[in-house]
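S.K.: Below is model_36.cif; it holds mmCIF, C-alpha atoms.
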```cif
data_model
loop_
_atom_site.group_PDB
_atom_site.id
_atom_site.type_symbol
_atom_site.label_atom_id
_atom_site.label_comp_id
_atom_site.auth_asym_id
_atom_site.auth_seq_id
_atom_site.Cartn_x
_atom_site.Cartn_y
_atom_site.Cartn_z
ATOM 1 C CA MET A 1 -41.356 -15.675 -16.280
ATOM 2 C CA THR A 2 -42.728 -17.056 -13.009
ATOM 3 C CA SER A 3 -41.346 -20.597 -13.007
ATOM 4 C CA GLN A 4 -44.396 -22.335 -11.551
ATOM 5 C CA ILE A 5 -46.663 -21.328 -14.449
ATOM 6 C CA PRO A 6 -46.565 -23.993 -17.194
ATOM 7 C CA LEU A 7 -45.651 -22.704 -20.648
ATOM 8 C CA ILE A 8 -46.752 -23.668 -24.133
ATOM 9 C CA THR A 9 -44.705 -23.124 -27.263
ATOM 10 C CA LEU A 10 -46.497 -21.272 -30.063
ATOM 11 C CA ASN A 11 -45.983 -22.172 -33.718
ATOM 12 C CA ASN A 12 -43.301 -19.487 -34.087
ATOM 13 C CA GLY A 13 -41.282 -20.729 -31.099
ATOM 14 C CA VAL A 14 -42.475 -18.094 -28.609
ATOM 15 C CA LYS A 15 -43.244 -19.499 -25.152
ATOM 16 C CA MET A 16 -46.464 -18.395 -23.447
ATOM 17 C CA PRO A 17 -47.879 -18.967 -19.946
ATOM 18 C CA THR A 18 -50.965 -21.177 -19.891
ATOM 19 C CA LEU A 19 -52.649 -19.267 -17.051
ATOM 20 C CA GLY A 20 -53.243 -15.530 -17.032
ATOM 21 C CA TYR A 21 -55.426 -12.665 -15.906
ATOM 22 C CA GLY A 22 -58.185 -11.379 -18.211
ATOM 23 C CA LEU A 23 -59.418 -7.778 -18.216
ATOM 24 C CA PHE A 24 -62.657 -8.153 -20.164
ATOM 25 C CA GLN A 25 -65.258 -5.955 -18.407
ATOM 26 C CA VAL A 26 -62.749 -4.667 -15.841
ATOM 27 C CA PRO A 27 -63.687 -0.971 -15.416
ATOM 28 C CA VAL A 28 -61.116 1.559 -16.566
ATOM 29 C CA ASP A 29 -60.932 3.296 -13.187
ATOM 30 C CA ILE A 30 -59.870 0.136 -11.321
ATOM 31 C CA ALA A 31 -57.855 -1.623 -14.047
ATOM 32 C CA LYS A 32 -54.474 -0.497 -12.721
ATOM 33 C CA ARG A 33 -55.301 -1.679 -9.188
ATOM 34 C CA CYS A 34 -56.645 -4.991 -10.487
ATOM 35 C CA VAL A 35 -53.541 -5.698 -12.555
ATOM 36 C CA LYS A 36 -51.310 -4.834 -9.594
ATOM 37 C CA ASP A 37 -53.306 -7.280 -7.463
ATOM 38 C CA ALA A 38 -53.036 -9.936 -10.176
ATOM 39 C CA ILE A 39 -49.273 -9.438 -10.363
ATOM 40 C CA ASP A 40 -49.062 -9.813 -6.575
ATOM 41 C CA CYS A 41 -50.938 -13.120 -6.899
ATOM 42 C CA GLY A 42 -48.376 -14.390 -9.401
ATOM 43 C CA TYR A 43 -49.960 -13.719 -12.785
ATOM 44 C CA ARG A 44 -47.594 -12.737 -15.585
ATOM 45 C CA LEU A 45 -49.856 -13.269 -18.602
ATOM 46 C CA ILE A 46 -52.111 -10.213 -18.817
ATOM 47 C CA ASP A 47 -54.885 -10.131 -21.440
ATOM 48 C CA THR A 48 -56.413 -6.808 -22.485
ATOM 49 C CA ALA A 49 -57.812 -5.268 -25.687
ATOM 50 C CA GLN A 50 -58.280 -1.923 -27.360
ATOM 51 C CA ALA A 51 -62.039 -2.327 -26.911
ATOM 52 C CA TYR A 52 -61.694 -2.821 -23.154
ATOM 53 C CA GLN A 53 -60.182 0.681 -22.921
ATOM 54 C CA ASN A 54 -57.975 -0.410 -20.017
ATOM 55 C CA GLU A 55 -54.635 -0.846 -21.808
ATOM 56 C CA GLN A 56 -53.292 2.214 -19.979
ATOM 57 C CA GLY A 57 -54.003 0.607 -16.619
ATOM 58 C CA VAL A 58 -52.129 -2.517 -17.689
ATOM 59 C CA GLY A 59 -49.133 -0.492 -18.850
ATOM 60 C CA ASP A 60 -49.011 1.564 -15.661
ATOM 61 C CA ALA A 61 -49.315 -1.476 -13.400
ATOM 62 C CA VAL A 62 -46.595 -3.419 -15.214
ATOM 63 C CA LYS A 63 -44.287 -0.400 -15.277
ATOM 64 C CA GLU A 64 -44.770 0.282 -11.567
ATOM 65 C CA SER A 65 -44.427 -3.381 -10.524
ATOM 66 C CA GLY A 66 -40.633 -3.260 -10.410
ATOM 67 C CA ILE A 67 -40.562 -6.553 -12.335
ATOM 68 C CA LYS A 68 -38.650 -6.752 -15.597
ATOM 69 C CA ARG A 69 -40.784 -6.322 -18.702
ATOM 70 C CA GLU A 70 -39.563 -9.632 -20.123
ATOM 71 C CA GLU A 71 -41.131 -11.449 -17.170
ATOM 72 C CA PHE A 72 -44.572 -10.479 -18.490
ATOM 73 C CA PHE A 73 -46.586 -11.749 -21.429
ATOM 74 C CA ILE A 74 -48.965 -8.997 -22.555
ATOM 75 C CA THR A 75 -51.811 -9.715 -24.967
ATOM 76 C CA THR A 76 -54.025 -7.119 -26.623
ATOM 77 C CA LYS A 77 -56.432 -7.089 -29.563
ATOM 78 C CA VAL A 78 -57.163 -4.823 -32.539
ATOM 79 C CA TRP A 79 -60.788 -3.692 -32.445
ATOM 80 C CA ILE A 80 -63.121 -3.649 -35.478
ATOM 81 C CA SER A 81 -63.262 0.166 -35.690
ATOM 82 C CA ASN A 82 -59.509 0.004 -36.319
ATOM 83 C CA PHE A 83 -59.717 -2.594 -39.087
ATOM 84 C CA GLY A 84 -58.143 -1.909 -42.457
ATOM 85 C CA TYR A 85 -54.383 -1.668 -42.904
ATOM 86 C CA GLU A 86 -53.742 2.021 -42.168
ATOM 87 C CA LYS A 87 -56.063 2.312 -39.164
ATOM 88 C CA ALA A 88 -54.799 -0.952 -37.690
ATOM 89 C CA ALA A 89 -51.166 0.121 -38.044
ATOM 90 C CA LYS A 90 -51.866 3.379 -36.206
ATOM 91 C CA SER A 91 -53.859 1.564 -33.509
ATOM 92 C CA ILE A 92 -50.987 -0.838 -32.863
ATOM 93 C CA ASP A 93 -48.624 2.064 -32.226
ATOM 94 C CA LEU A 94 -51.218 3.640 -29.920
ATOM 95 C CA SER A 95 -51.583 0.364 -28.002
ATOM 96 C CA LEU A 96 -47.806 0.231 -27.572
ATOM 97 C CA GLN A 97 -47.917 3.763 -26.198
ATOM 98 C CA LYS A 98 -50.780 3.030 -23.775
ATOM 99 C CA LEU A 99 -49.102 -0.179 -22.622
ATOM 100 C CA SER A 100 -45.817 1.701 -22.046
ATOM 101 C CA THR A 101 -43.875 -0.970 -23.893
ATOM 102 C CA ASP A 102 -41.680 -1.392 -26.950
ATOM 103 C CA TYR A 103 -43.344 -4.659 -27.906
ATOM 104 C CA ILE A 104 -46.552 -6.628 -27.470
ATOM 105 C CA ASP A 105 -46.157 -10.335 -26.777
ATOM 106 C CA LEU A 106 -49.364 -11.420 -28.518
ATOM 107 C CA LEU A 107 -51.632 -9.327 -30.742
ATOM 108 C CA LEU A 108 -55.007 -10.665 -31.871
ATOM 109 C CA ILE A 109 -57.750 -9.769 -34.341
ATOM 110 C CA HIS A 110 -60.684 -9.254 -31.981
ATOM 111 C CA GLN A 111 -63.579 -10.332 -34.234
ATOM 112 C CA PRO A 112 -63.931 -11.676 -37.806
ATOM 113 C CA TYR A 113 -65.884 -8.642 -38.986
ATOM 114 C CA GLY A 114 -65.126 -5.955 -41.583
ATOM 115 C CA ASP A 115 -61.674 -5.613 -43.159
ATOM 116 C CA TYR A 116 -59.892 -7.930 -40.758
ATOM 117 C CA TYR A 117 -57.584 -9.085 -43.548
ATOM 118 C CA GLY A 118 -56.256 -5.542 -43.892
ATOM 119 C CA ALA A 119 -55.813 -5.324 -40.136
ATOM 120 C CA TYR A 120 -53.980 -8.643 -40.072
ATOM 121 C CA ARG A 121 -51.576 -7.457 -42.792
ATOM 122 C CA ALA A 122 -50.718 -4.529 -40.516
ATOM 123 C CA MET A 123 -50.203 -7.006 -37.680
ATOM 124 C CA GLU A 124 -47.943 -9.127 -39.888
ATOM 125 C CA ASP A 125 -45.841 -6.053 -40.660
ATOM 126 C CA ALA A 126 -45.708 -5.140 -36.954
ATOM 127 C CA TYR A 127 -44.570 -8.707 -36.258
ATOM 128 C CA LYS A 128 -41.831 -8.487 -38.893
ATOM 129 C CA ALA A 129 -40.749 -5.111 -37.480
ATOM 130 C CA GLY A 130 -40.357 -6.558 -33.974
ATOM 131 C CA LYS A 131 -43.227 -4.578 -32.453
ATOM 132 C CA VAL A 132 -45.080 -7.836 -31.784
ATOM 133 C CA ARG A 133 -43.710 -11.260 -30.803
ATOM 134 C CA ALA A 134 -46.710 -13.308 -31.987
ATOM 135 C CA ILE A 135 -50.015 -12.684 -33.757
ATOM 136 C CA GLY A 136 -53.322 -14.491 -33.813
ATOM 137 C CA ILE A 137 -57.100 -14.218 -33.858
ATOM 138 C CA SER A 138 -60.100 -14.213 -31.555
ATOM 139 C CA ASN A 139 -63.668 -15.498 -31.926
ATOM 140 C CA PHE A 140 -62.965 -17.237 -35.253
ATOM 141 C CA TYR A 141 -65.039 -20.398 -35.594
ATOM 142 C CA ASN A 142 -64.396 -23.147 -38.152
ATOM 143 C CA ASP A 143 -65.616 -21.460 -41.345
ATOM 144 C CA ARG A 144 -63.826 -18.152 -40.742
ATOM 145 C CA PHE A 145 -60.813 -19.920 -39.260
ATOM 146 C CA LEU A 146 -60.293 -22.183 -42.295
ATOM 147 C CA ASP A 147 -60.581 -19.322 -44.767
ATOM 148 C CA PHE A 148 -58.205 -17.221 -42.716
ATOM 149 C CA ALA A 149 -55.595 -19.835 -41.818
ATOM 150 C CA ASP A 150 -55.328 -20.970 -45.440
ATOM 151 C CA ASN A 151 -54.708 -17.435 -46.700
ATOM 152 C CA ALA A 152 -52.695 -15.644 -44.006
ATOM 153 C CA THR A 153 -48.978 -15.287 -44.678
ATOM 154 C CA VAL A 154 -48.164 -15.591 -40.969
ATOM 155 C CA LYS A 155 -50.241 -18.424 -39.541
ATOM 156 C CA PRO A 156 -52.190 -17.472 -36.396
ATOM 157 C CA THR A 157 -50.509 -18.720 -33.240
ATOM 158 C CA ILE A 158 -53.638 -18.473 -31.061
ATOM 159 C CA ASN A 159 -57.401 -18.444 -31.483
ATOM 160 C CA GLN A 160 -59.051 -16.981 -28.388
ATOM 161 C CA ILE A 161 -62.644 -18.173 -28.029
ATOM 162 C CA GLU A 162 -65.231 -18.595 -25.292
ATOM 163 C CA ALA A 163 -64.588 -21.910 -23.575
ATOM 164 C CA ASN A 164 -65.724 -23.345 -20.256
ATOM 165 C CA VAL A 165 -67.191 -26.526 -18.775
ATOM 166 C CA PHE A 166 -70.301 -26.039 -20.907
ATOM 167 C CA CYS A 167 -68.424 -25.631 -24.186
ATOM 168 C CA ASN A 168 -64.968 -27.176 -24.624
ATOM 169 C CA HIS A 169 -64.842 -26.920 -28.463
ATOM 170 C CA GLN A 170 -63.373 -30.375 -29.063
ATOM 171 C CA ASP A 171 -64.106 -30.334 -32.810
ATOM 172 C CA ASN A 172 -62.894 -26.761 -33.213
ATOM 173 C CA ARG A 173 -59.704 -27.425 -31.295
ATOM 174 C CA THR A 174 -59.002 -30.493 -33.420
ATOM 175 C CA LEU A 175 -59.161 -28.259 -36.491
ATOM 176 C CA PHE A 176 -57.075 -25.503 -34.909
ATOM 177 C CA ASN A 177 -54.448 -28.060 -33.922
ATOM 178 C CA LYS A 178 -54.042 -29.134 -37.564
ATOM 179 C CA TYR A 179 -52.716 -25.622 -38.204
ATOM 180 C CA ASP A 180 -50.700 -25.639 -34.963
ATOM 181 C CA THR A 181 -52.928 -22.864 -33.618
ATOM 182 C CA LYS A 182 -53.402 -23.021 -29.841
ATOM 183 C CA THR A 183 -56.733 -22.335 -28.151
ATOM 184 C CA MET A 184 -57.055 -19.591 -25.534
ATOM 185 C CA ALA A 185 -60.211 -19.648 -23.391
ATOM 186 C CA TRP A 186 -62.043 -16.474 -22.503
ATOM 187 C CA GLY A 187 -65.047 -16.697 -20.170
ATOM 188 C CA PRO A 188 -63.623 -19.810 -18.454
ATOM 189 C CA LEU A 189 -66.068 -19.426 -15.565
ATOM 190 C CA ALA A 190 -69.004 -18.806 -17.944
ATOM 191 C CA GLN A 191 -69.536 -15.443 -16.222
ATOM 192 C CA GLY A 192 -71.410 -17.401 -13.552
ATOM 193 C CA LYS A 193 -74.096 -18.556 -16.000
ATOM 194 C CA ASN A 194 -75.966 -21.878 -16.030
ATOM 195 C CA GLY A 195 -75.500 -22.415 -12.294
ATOM 196 C CA ILE A 196 -71.826 -23.226 -12.746
ATOM 197 C CA PHE A 197 -70.868 -22.523 -9.128
ATOM 198 C CA THR A 198 -73.594 -24.749 -7.673
ATOM 199 C CA ASN A 199 -73.407 -27.563 -10.205
ATOM 200 C CA PRO A 200 -73.551 -30.873 -8.219
ATOM 201 C CA LEU A 201 -71.099 -32.683 -10.487
ATOM 202 C CA LEU A 202 -68.520 -29.902 -10.211
ATOM 203 C CA GLU A 203 -69.111 -29.592 -6.464
ATOM 204 C CA ASP A 204 -68.463 -33.322 -6.053
ATOM 205 C CA ILE A 205 -65.188 -33.162 -7.979
ATOM 206 C CA ALA A 206 -64.129 -30.001 -6.151
ATOM 207 C CA LYS A 207 -64.741 -31.690 -2.785
ATOM 208 C CA ALA A 208 -62.582 -34.651 -3.827
ATOM 209 C CA HIS A 209 -59.648 -32.321 -4.491
ATOM 210 C CA GLN A 210 -60.385 -29.899 -1.633
ATOM 211 C CA LYS A 211 -60.723 -27.154 -4.212
ATOM 212 C CA SER A 212 -63.472 -24.745 -5.265
ATOM 213 C CA VAL A 213 -65.749 -25.216 -8.266
ATOM 214 C CA ALA A 214 -64.004 -22.273 -9.959
ATOM 215 C CA GLN A 215 -60.636 -23.964 -9.511
ATOM 216 C CA VAL A 216 -61.952 -27.222 -10.983
ATOM 217 C CA ALA A 217 -63.446 -25.345 -13.966
ATOM 218 C CA ILE A 218 -60.120 -23.638 -14.682
ATOM 219 C CA ARG A 219 -58.097 -26.816 -14.160
ATOM 220 C CA TYR A 220 -60.395 -28.640 -16.604
ATOM 221 C CA LEU A 221 -59.509 -26.256 -19.437
ATOM 222 C CA LEU A 222 -55.818 -26.403 -18.565
ATOM 223 C CA ASP A 223 -55.928 -30.199 -18.620
ATOM 224 C CA LEU A 224 -57.498 -30.023 -22.086
ATOM 225 C CA GLY A 225 -54.478 -28.023 -23.262
ATOM 226 C CA MET A 226 -55.928 -24.514 -23.409
ATOM 227 C CA VAL A 227 -54.541 -21.195 -22.242
ATOM 228 C CA VAL A 228 -56.953 -19.844 -19.599
ATOM 229 C CA ILE A 229 -57.540 -16.211 -18.539
ATOM 230 C CA PRO A 230 -60.026 -15.965 -15.652
ATOM 231 C CA LYS A 231 -61.152 -12.496 -14.619
ATOM 232 C CA SER A 232 -62.016 -11.093 -11.207
ATOM 233 C CA THR A 233 -61.815 -7.679 -9.580
ATOM 234 C CA HIS A 234 -61.371 -9.236 -6.119
ATOM 235 C CA LYS A 235 -57.830 -10.109 -5.074
ATOM 236 C CA GLU A 236 -58.850 -13.128 -2.999
ATOM 237 C CA ARG A 237 -60.603 -14.634 -6.030
ATOM 238 C CA MET A 238 -57.645 -13.817 -8.264
ATOM 239 C CA ALA A 239 -55.489 -15.787 -5.843
ATOM 240 C CA GLU A 240 -57.998 -18.651 -5.767
ATOM 241 C CA ASN A 241 -58.130 -18.779 -9.581
ATOM 242 C CA PHE A 242 -54.337 -18.865 -9.712
ATOM 243 C CA ASN A 243 -54.076 -21.670 -7.149
ATOM 244 C CA VAL A 244 -54.821 -24.459 -9.627
ATOM 245 C CA LEU A 245 -51.304 -25.614 -10.430
ATOM 246 C CA ASP A 246 -50.960 -28.139 -7.594
ATOM 247 C CA PHE A 247 -53.528 -30.688 -8.806
ATOM 248 C CA SER A 248 -54.845 -32.324 -11.965
ATOM 249 C CA LEU A 249 -58.119 -33.976 -12.824
ATOM 250 C CA THR A 250 -58.345 -37.701 -13.497
ATOM 251 C CA LYS A 251 -59.436 -39.030 -16.893
ATOM 252 C CA ASP A 252 -62.718 -40.075 -15.320
ATOM 253 C CA GLU A 253 -63.317 -36.608 -13.859
ATOM 254 C CA ILE A 254 -62.557 -34.973 -17.208
ATOM 255 C CA ALA A 255 -65.011 -37.333 -18.916
ATOM 256 C CA ARG A 256 -67.682 -36.499 -16.346
ATOM 257 C CA ILE A 257 -67.198 -32.767 -16.840
ATOM 258 C CA LYS A 258 -67.395 -33.219 -20.619
ATOM 259 C CA SER A 259 -70.935 -34.502 -20.094
ATOM 260 C CA LEU A 260 -71.929 -30.914 -19.204
ATOM 261 C CA ASP A 261 -71.032 -29.692 -22.699
ATOM 262 C CA ILE A 262 -73.957 -28.107 -24.586
ATOM 263 C CA GLY A 263 -72.010 -27.605 -27.824
ATOM 264 C CA HIS A 264 -71.997 -23.827 -28.007
ATOM 265 C CA GLY A 265 -71.028 -20.783 -25.977
ATOM 266 C CA LEU A 266 -73.276 -19.512 -23.206
ATOM 267 C CA ILE A 267 -72.111 -15.919 -23.409
ATOM 268 C CA VAL A 268 -72.023 -15.652 -27.228
ATOM 269 C CA ASN A 269 -73.291 -18.454 -29.472
ATOM 270 C CA LEU A 270 -71.241 -17.872 -32.614
ATOM 271 C CA PHE A 271 -72.481 -21.142 -34.125
ATOM 272 C CA ASP A 272 -75.885 -19.483 -34.614
ATOM 273 C CA GLU A 273 -75.709 -17.388 -37.796
ATOM 274 C CA GLN A 274 -78.554 -15.105 -36.726
ATOM 275 C CA ALA A 275 -76.928 -14.574 -33.341
ATOM 276 C CA ARG A 276 -73.605 -13.892 -35.061
ATOM 277 C CA LEU A 277 -75.122 -11.342 -37.450
ATOM 278 C CA GLY A 278 -76.926 -9.694 -34.556
ATOM 279 C CA LEU A 279 -73.675 -9.511 -32.608
ATOM 280 C CA TYR A 280 -71.795 -7.921 -35.494
ATOM 281 C CA ASP A 281 -74.567 -5.377 -36.008
ATOM 282 C CA HIS A 282 -74.317 -4.585 -32.295
ATOM 283 C CA LEU A 283 -70.513 -4.271 -32.461
ATOM 284 C CA LYS A 284 -70.712 -1.584 -35.152
ATOM 285 C CA LYS A 285 -71.927 0.828 -32.476
ATOM 286 C CA TYR A 286 -68.648 0.665 -30.589
ATOM 287 C CA LYS A 287 -65.995 3.071 -31.821
ATOM 288 C CA ILE A 288 -62.669 3.637 -30.091
#
```
I'd like the structure from this file rewritten - as structure tokens, please.

M.R.:
Amino acid sequence: MTSQIPLITLNNGVKMPTLGYGLFQVPVDIAKRCVKDAIDCGYRLIDTAQAYQNEQGVGDAVKESGIKREEFFITTKVWISNFGYEKAAKSIDLSLQKLSTDYIDLLLIHQPYGDYYGAYRAMEDAYKAGKVRAIGISNFYNDRFLDFADNATVKPTINQIEANVFCNHQDNRTLFNKYDTKTMAWGPLAQGKNGIFTNPLLEDIAKAHQKSVAQVAIRYLLDLGMVVIPKSTHKERMAENFNVLDFSLTKDEIARIKSLDIGHGLIVNLFDEQARLGLYDHLKKYKI
């Protein structure tokens, strides 16, 4: 593992980098190139998913990098069309094949929709069989998280949710921490929404550290104890997003950034039941 990347220890003892490269919305035809660029920039945590349909690009890039497999931490997610025990078990083997690996470092349930309990049982069995080093969940908010964490045989190591300067999930993370479940932030740059890159407060803090607003936004989540997976298809921005390990924010700066919090995600507001139901209805259309 690249030594300069800080590590966290998951509840099963597995160590995980706190900064990685996310492949959400990275087109299939450029995924391999993007992962190679990310590896060149120093990333070793690579986050993909069955639904992204770019697992093959990740596997090819890692295999062709010339770097030992154990230096990487590969995360993928079981998609809702593969939920249920049998389908999930088959999908895990297919993900292993696409990723050109004998094991997945972290495997997540992508959404709390449908028979995700059956899928998680398949993940638990894959974990026990050594196909997976750690398992967890994604997009589970407090109600679903509590029900799940209290009933799962293998407690989730990670909950990956949307988190950024506009939504830091303090209350959620306090609950997750009670179960020793770490928080992993997707959408850390809010996909450019809400004027994040021209926000005066963030610009002021960035100027004080001679950093960019994007770097301050990523550092903020790291300083709050989250795992962060920024995404870009441009190598220079990948490098910029990775160059956040040589500074920290002060307590005052963190408090000022917390004032931007609106209490829910900008990309997907899963606190809104109608929005959540609409999202799940939308997700049913996607089959892989």

S.K.: So how far away is CA of Ser232 (chain A) from CA of Lys68 (chain A), in Å?

M.R.: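 Between CA of Lys68 (chain A) and CA of Ser232 (chain A) the gap works out to 24.2 Å.
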
S.K.: Evaluate the PyMOL selection byres ((chain A and resi 248) around 12) here and jot the selected residues down as a ChimeraX atom specification.

M.R.: /A:205-206,208-211,215-224,243-247,249-254

S.K.: Go through A:Phe148, A:Asn54, A:Asp60, A:Ile257 one by one, measure the shortest atom-to-atom distance of each to Glu203 (chain A) using all atoms listed in the file, and give the residue with the smallest value.

M.R.: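 Ranking A:Phe148, A:Asn54, A:Asp60, A:Ile257 by distance to Glu203 (chain A), first place goes to A:Ile257.
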
S.K.: Using all atoms listed in the file, pick whichever of A:Lys32, A:Arg144, A:Lys63, A:Lys235 has the shortest atom-to-atom distance to Ser100 (chain A).

M.R.: A:Lys63

S.K.: Can you translate the PyMOL selection byres ((chain A and resi 153) around 12) into the concrete residues it hits in this file, as a list in words?

M.R.: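 Going through the file, the PyMOL selection byres ((chain A and resi 153) around 12) ends up selecting Tyr117, Tyr120, Arg121, Ala122, Met123, Glu124, Asp125, Tyr127, Lys128, Ile135, Gly136, Phe148, Ala149, Asp150, Asn151, Ala152, Val154, Lys155 and Pro156 of chain A.
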
S.K.: So how many Å separate CA of Asp29 (chain A) and CA of Leu266 (chain A), to one decimal?

M.R.: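 Separating CA of Asp29 (chain A) from CA of Leu266 (chain A) is a distance of 27.8 Å.
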
S.K.: Name the residues that the PyMOL selection byres ((chain A and resi 75-81) around 7) pulls out of this structure, and write them as a ChimeraX atom specification.

M.R.: /A:46-51,73-74,82-83,88,104-111,113-114,287-288

S.K.: Can you work out which one of A:Ala31, A:Val26, A:Leu10, A:Leu45 has the shortest atom-to-atom distance to Asn177 (chain A), counting all atoms listed in the file?

M.R.: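 The answer is A:Leu10, which sits nearest to Asn177 (chain A).
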
S.K.: Would you mind reading off the distance between CA of Val268 (chain A) and CA of Asn199 (chain A), one decimal, in Å?

M.R.: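 The value is 20.8 Å.
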
S.K.: Which is closest to Leu19 (chain A) among A:Pro188, A:Pro112, A:Pro200, A:Gly195, if we use all atoms listed in the file?

M.R.: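 Checking each candidate against Leu19 (chain A), we get A:Pro188 as the closest.
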
S.K.: Using only C-alpha atoms for the distances, tell me which of A:Glu55, A:Asp261, A:Asp143, A:Glu71 is nearest to Phe24 (chain A).

M.R.: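 Of all the options, A:Glu55 lies closest to Phe24 (chain A).
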